[in-house]
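Student: What follows is a single structure, and I will ask about it in a moment.
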Amino acid sequence: MMEPTLFLKNLWYFALPGSELKSGKLVQRKILGEPIVFGRDASGKPFALRDNCPHRGVPLSEGTFDGETIQCCYHGWRFDCAGACREIPALADAKLNLSKIRAFAYPCREMHGTVWVYIPENKLNGHGGPAALPDLLIPEDETFLHVDRFLIEGDIDQATIGLIDPAHVNFVHRSWFWRSQKSAKLKEKEFEPFDLGFRMKRHRPSENTKGYSILRGRISTEISFQLPGHRFEHIQVGEKDSVVSITLLTPVDETTTELNHFVYSSLPWIKYLWWPLVRLGRAFICQDVKVFRKLKKGLESHPKVMLVGDPDAQARWYFELKKQWKLAQDTQTDFVNPLSPATLRWVT
Ligand code: FES
Ligand SMILES: [Fe+2]
């Protein structure tokens with residue numbers, strides 16, 4: 001029997017907001033337990049290298065970066081932004097082919113103000129992953145605003161099922177600005193398989209969700225979830241405007257997950273509401289972070305847990321998708337989305 005796996009490989013993960021990657025600076029991150037150093041090359045393009053010097057493993061991020069090469073702080077080996085070794089100061093033998101010595105370079109891309117890194121299963125076999133970058137649903141030259149970053153004390157599975165779980169909303173997010181009490185209603189939502197996940201078909205948001213009511217006029221929303229842990233919400237406002245909210249989960253390691261939230265809006269007046277909205281968004285996610293802390297305490301004793309009925313269907317789908325992705329990687333076959341269209345009903 002196949003062991004369930006926690007981390008999916010051969011996928012793109014969100015790494016950091018582009019605005020945090022200043023030219024000439026190195027930024028260290030741990031993603032899926034792998035130490036990675038990020039920077040920008042001379043042309044401004046982001047790069048990502050394994051943050052261990054190939055010589056003796058010291059983090060390259062502890063070294064110095066002149067905008068073109070990184071020099072390790074220990075014996076001064078120098079690497080270019082593609083990870084190739086360029087110089088070994090103490091080496092007298094000029095015949096050694098240095099470029100064979102490499103720090104692993106992860107594929108790295110920047111889109112709409114977000115930087116992504118591809119984590120391969122096998123670092124020796126080249127990258128060649130078929131996985132495409134996710135579609136971030138905003139116009140070509142637009143940029144997202146980074147709303148917030150949170151550390152969740154839970155693994156990627158707990159964080160993800162918390163993100164796509166409709167039943168906690170009335171209990172965890174029961175606050176004046178989002179839901180009024182006793183407003184629970186029966187909801188019926190249509191879902192379909194989509195790309196590496198599923199989406200809730202475009203619909204008018206429910207009337208008991210006050211968060212949407214600042215967007216006056218005809219609005220509709222489409223929410224999708226994609227492996228490895230990305231939630232995209234596209235809100236159409238009238239004929240030509242849109243608000244896009246994306247929530248990206250990146251596993252730091254087996255026990256911690258980073259959540260990043262970005263928003264884009266074509267509505268100019270949103271700018272004036274930016275700070276109040278950020279504060280609301282933060283309060284909302286803080287409620288999740290707090291409940292995750294309680295969950296962590298509960299899970300310390302390894303209780304048996306369950307997924308029950310329609311409210312937990314999306315969590316079950318997530319595990320099915322994961323299993324299928326892993327199987328496709330192990331057998332080197334194309335990923336086939338295992339889900340079918342479904343209507344889910346719940347009371348929130
Ligand atoms: S450990 Fe980096 S140069 Fe020796
Ligand atoms: Fe939540």
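All residue names refer to the structure tokens as shown: chains lettered A, B, ... in order, residues numbered from 1 in each chain, ligands numbered from 1 in order.
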For ligand 2, list the contacting residues at 10 Å or closer, counting only C-alpha atoms and all ligand atoms, as a ChimeraX atom specification.

Tutor: /A:159,161-173,284-289,291-292

Student: Pick out the residues no farther than 12 Å from ligand 1, counting only C-alpha atoms and all ligand atoms, and list them as an NGL selection string.

Tutor: :A and (51-64 or 70-79 or 85-91 or 101-103)

Student: Please produce a file of those selected residues containing N, CA and C atoms, as a compact mmCIF listing (two decimals), in the first residue's frame.

Tutor:
```txt
# COMPACT_ATOMS: atom_id res chain seq x y z
N ASP A 51 20.34 26.45 -0.51
CA ASP A 51 21.12 27.31 0.38
C ASP A 51 22.17 26.52 1.18
N ASN A 52 22.95 25.74 0.43
CA ASN A 52 24.08 25.05 1.06
C ASN A 52 25.24 25.16 0.08
N CYS A 53 26.35 25.64 0.53
CA CYS A 53 27.53 25.68 -0.34
C CYS A 53 27.91 24.24 -0.68
N PRO A 54 28.14 23.94 -1.98
CA PRO A 54 28.49 22.56 -2.36
C PRO A 54 29.80 22.10 -1.71
N HIS A 55 30.62 23.03 -1.25
CA HIS A 55 31.88 22.63 -0.63
C HIS A 55 31.64 21.95 0.71
N ARG A 56 31.18 22.67 1.68
CA ARG A 56 31.00 22.04 3.00
C ARG A 56 29.64 22.36 3.62
N GLY A 57 28.75 22.93 2.81
CA GLY A 57 27.37 23.03 3.25
C GLY A 57 26.96 24.30 4.00
N VAL A 58 27.89 25.22 4.18
CA VAL A 58 27.51 26.48 4.85
C VAL A 58 26.41 27.17 4.02
N PRO A 59 25.44 27.80 4.67
CA PRO A 59 24.41 28.50 3.87
C PRO A 59 25.05 29.58 2.97
N LEU A 60 24.70 29.54 1.69
CA LEU A 60 25.21 30.58 0.79
C LEU A 60 24.68 31.95 1.21
N SER A 61 23.48 31.93 1.82
CA SER A 61 22.88 33.20 2.23
C SER A 61 23.70 33.90 3.31
N GLU A 62 24.66 33.19 3.92
CA GLU A 62 25.55 33.81 4.90
C GLU A 62 26.72 34.52 4.21
N GLY A 63 26.83 34.31 2.89
CA GLY A 63 27.95 34.90 2.17
C GLY A 63 27.63 36.30 1.68
N THR A 64 28.40 36.76 0.70
CA THR A 64 28.17 38.11 0.17
C THR A 64 27.74 38.00 -1.29
N ILE A 70 27.69 35.05 -5.84
CA ILE A 70 27.61 34.90 -4.38
C ILE A 70 28.93 34.29 -3.93
N GLN A 71 29.55 34.91 -2.93
CA GLN A 71 30.78 34.34 -2.40
C GLN A 71 30.50 33.73 -1.04
N CYS A 72 30.84 32.44 -0.90
CA CYS A 72 30.61 31.75 0.37
C CYS A 72 31.50 32.35 1.45
N CYS A 73 30.95 32.41 2.65
CA CYS A 73 31.68 33.08 3.74
C CYS A 73 32.79 32.22 4.33
N TYR A 74 32.83 30.93 3.95
CA TYR A 74 33.76 30.04 4.63
C TYR A 74 35.13 29.98 3.94
N HIS A 75 35.15 29.53 2.65
CA HIS A 75 36.43 29.45 1.94
C HIS A 75 36.39 30.30 0.66
N GLY A 76 35.36 31.11 0.57
CA GLY A 76 35.33 32.09 -0.52
C GLY A 76 34.98 31.56 -1.90
N TRP A 77 34.46 30.32 -2.00
CA TRP A 77 34.04 29.84 -3.32
C TRP A 77 32.97 30.79 -3.85
N ARG A 78 33.02 30.98 -5.17
CA ARG A 78 32.11 31.96 -5.76
C ARG A 78 31.18 31.27 -6.76
N PHE A 79 29.90 31.61 -6.71
CA PHE A 79 28.89 30.98 -7.57
C PHE A 79 28.11 32.04 -8.32
N CYS A 85 29.84 27.12 -10.12
CA CYS A 85 30.99 27.64 -9.39
C CYS A 85 31.90 28.40 -10.36
N ARG A 86 32.37 29.57 -9.95
CA ARG A 86 33.19 30.42 -10.81
C ARG A 86 34.61 30.58 -10.29
N GLU A 87 34.77 30.35 -9.01
CA GLU A 87 36.09 30.61 -8.45
C GLU A 87 36.28 29.84 -7.15
N ILE A 88 37.47 29.23 -7.02
CA ILE A 88 37.87 28.62 -5.75
C ILE A 88 39.19 29.27 -5.37
N PRO A 89 39.15 30.26 -4.52
CA PRO A 89 40.34 31.08 -4.29
C PRO A 89 41.59 30.30 -3.88
N ALA A 90 41.43 29.23 -3.08
CA ALA A 90 42.62 28.55 -2.55
C ALA A 90 43.19 27.51 -3.50
N LEU A 91 42.52 27.30 -4.64
CA LEU A 91 42.91 26.20 -5.51
C LEU A 91 44.02 26.62 -6.48
N ILE A 101 30.94 22.02 -10.68
CA ILE A 101 30.53 22.16 -9.27
C ILE A 101 29.36 23.13 -9.24
N ARG A 102 28.23 22.67 -8.76
CA ARG A 102 27.03 23.53 -8.82
C ARG A 102 26.24 23.50 -7.52
N ALA A 103 25.70 24.64 -7.19
CA ALA A 103 24.66 24.69 -6.16
C ALA A 103 23.36 24.46 -6.94
```

Student: Rounded to one decimal in Å, what is the spacing between atom CA of Val27 of chain A and atom CA of Phe47 of chain A?

Tutor: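 Going from atom CA of Val27 of chain A over to atom CA of Phe47 of chain A covers 10.5 Å.
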
Student: How would you write, as a ChimeraX atom specification, the set of residues in segment 31-266 of chain A that DSSP gives as strand (DSSP E)?

Tutor: /A:31,34-40,46-50,64-65,69-71,78-80,85-87,105-106,108-111,114-119,145-152,186-194,197-203,219-226,230-237,241-251,257-265

Student: Taking only segment 15-213 of chain A into account, list the residues labelled helix (DSSP H, G or I) by DSSP (computed from the backbone), as number ranges by chain.

Tutor: A: 18-20, 60-62, 98-100, 156-163, 166-172, 210-213

Student: Show which residues sit within 10 Å of Ser206 of chain A, as a list in words. Count only C-alpha atoms, and ignore same-chain residues fewer than 6 positions away.

Tutor: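 Counting only the stated atoms, we get Lys185, Lys187, Tyr212, Ser213 and Ser220 of chain A.
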
Student: Suppose we keep C-alpha atoms; can you now write the selection as a PDB file, in the first residue's frame?

Tutor:
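again.pdb, written as the output of this step:
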```
ATOM      1  CA  LYS A 185     -28.717  29.144   5.962  1.00  0.00           C
ATOM      2  CA  LYS A 187     -26.359  26.458   0.984  1.00  0.00           C
ATOM      3  CA  TYR A 212     -19.189  41.155  -0.139  1.00  0.00           C
ATOM      4  CA  SER A 213     -21.715  43.880   0.448  1.00  0.00           C
ATOM      5  CA  SER A 220     -20.582  37.056  -8.917  1.00  0.00           C
TER       6      SER A 220
END
```

Student: What gap, in Å, lies between atom CA of Leu26 of chain A and atom CA of Gly83 of chain A?

Tutor: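 One can read the atom CA of Leu26 of chain A to atom CA of Gly83 of chain A distance as 13.7 Å.
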
Student: Would you mind reading off the distance between atom CA of Leu227 of chain A and atom CA of Glu258 of chain A, one decimal, in Å?

Tutor: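 According to the coordinates, atom CA of Leu227 of chain A and atom CA of Glu258 of chain A are separated by 15.1 Å.
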
Student: Please tabulate, as a tab-separated table, the residues of segment 123-239 of chain A that come within 7 Å of segment 334-345 of chain A, each with its closest pair of atoms and the distance in Å to one decimal, counting only C-alpha atoms and ordering rows by chain, then residue number upward.

Tutor:
```
residue	atom	partner	partner_atom	distance
A:Leu186	CA	A:Arg345	CA	7.0
A:Lys187	CA	A:Arg345	CA	5.5
A:Glu188	CA	A:Arg345	CA	4.5
A:Lys189	CA	A:Leu344	CA	5.4
A:Glu190	CA	A:Thr343	CA	4.4
A:Phe191	CA	A:Ala342	CA	5.2
A:Glu192	CA	A:Pro341	CA	4.2
A:Pro193	CA	A:Leu339	CA	5.5
A:Leu196	CA	A:Asn337	CA	6.6
```

Student: Keeping only N, CA and C atoms, write the selected residues as a PDB file, in the first residue's frame.

Tutor:
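Generated file (out33.pdb):
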```
ATOM      1  N   LEU A 186     -29.182  27.195   4.670  1.00  0.00           N
ATOM      2  CA  LEU A 186     -28.797  26.034   3.874  1.00  0.00           C
ATOM      3  C   LEU A 186     -28.200  26.542   2.558  1.00  0.00           C
ATOM      4  N   LYS A 187     -27.024  26.053   2.226  1.00  0.00           N
ATOM      5  CA  LYS A 187     -26.359  26.458   0.984  1.00  0.00           C
ATOM      6  C   LYS A 187     -26.250  25.243   0.082  1.00  0.00           C
ATOM      7  N   GLU A 188     -26.353  25.515  -1.198  1.00  0.00           N
ATOM      8  CA  GLU A 188     -26.145  24.459  -2.163  1.00  0.00           C
ATOM      9  C   GLU A 188     -25.160  24.989  -3.191  1.00  0.00           C
ATOM     10  N   LYS A 189     -24.040  24.342  -3.357  1.00  0.00           N
ATOM     11  CA  LYS A 189     -23.006  24.845  -4.268  1.00  0.00           C
ATOM     12  C   LYS A 189     -22.620  23.767  -5.265  1.00  0.00           C
ATOM     13  N   GLU A 190     -22.431  24.238  -6.489  1.00  0.00           N
ATOM     14  CA  GLU A 190     -22.036  23.291  -7.528  1.00  0.00           C
ATOM     15  C   GLU A 190     -20.539  23.338  -7.763  1.00  0.00           C
ATOM     16  N   PHE A 191     -19.947  22.174  -7.816  1.00  0.00           N
ATOM     17  CA  PHE A 191     -18.503  22.068  -8.011  1.00  0.00           C
ATOM     18  C   PHE A 191     -18.191  21.278  -9.267  1.00  0.00           C
ATOM     19  N   GLU A 192     -17.011  21.560  -9.820  1.00  0.00           N
ATOM     20  CA  GLU A 192     -16.539  20.758 -10.945  1.00  0.00           C
ATOM     21  C   GLU A 192     -15.035  20.585 -10.834  1.00  0.00           C
ATOM     22  N   PRO A 193     -14.513  19.467 -11.367  1.00  0.00           N
ATOM     23  CA  PRO A 193     -13.065  19.305 -11.364  1.00  0.00           C
ATOM     24  C   PRO A 193     -12.436  20.379 -12.244  1.00  0.00           C
ATOM     25  N   LEU A 196      -5.659  21.282 -11.467  1.00  0.00           N
ATOM     26  CA  LEU A 196      -5.100  20.430 -10.409  1.00  0.00           C
ATOM     27  C   LEU A 196      -6.001  20.411  -9.184  1.00  0.00           C
TER      28      LEU A 196
END
```

Student: Find the residues of segment 166-265 of chain A that sit at most 8 Å from segment 133-143 of chain A; for each, write down the nearest two atoms and how far apart they are in Å, to one decimal. Count only C-alpha atoms. Sort by chain, then by number going up, and give it as a tab-separated table.

Tutor:
```
residue	atom	partner	partner_atom	distance
A:Phe232	CA	A:Leu136	CA	7.6
A:His234	CA	A:Leu137	CA	7.3
A:Val244	CA	A:Leu137	CA	7.2
A:Ile246	CA	A:Leu136	CA	7.9
A:Tyr264	CA	A:Thr143	CA	7.0
```

Student: May I have the residues from that selection written out with C-alpha atoms, as an mmCIF file, in the first residue's frame?

Tutor:
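Listed below is the output, result.cif:
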```cif
data_model
loop_
_atom_site.group_PDB
_atom_site.id
_atom_site.type_symbol
_atom_site.label_atom_id
_atom_site.label_comp_id
_atom_site.auth_asym_id
_atom_site.auth_seq_id
_atom_site.Cartn_x
_atom_site.Cartn_y
_atom_site.Cartn_z
ATOM 1 C CA PHE A 232 -8.195 31.644 -5.945
ATOM 2 C CA HIS A 234 -12.345 35.843 -8.773
ATOM 3 C CA VAL A 244 -9.115 38.793 -7.225
ATOM 4 C CA ILE A 246 -5.530 34.597 -3.703
ATOM 5 C CA TYR A 264 -5.892 42.690 -6.872
#
```
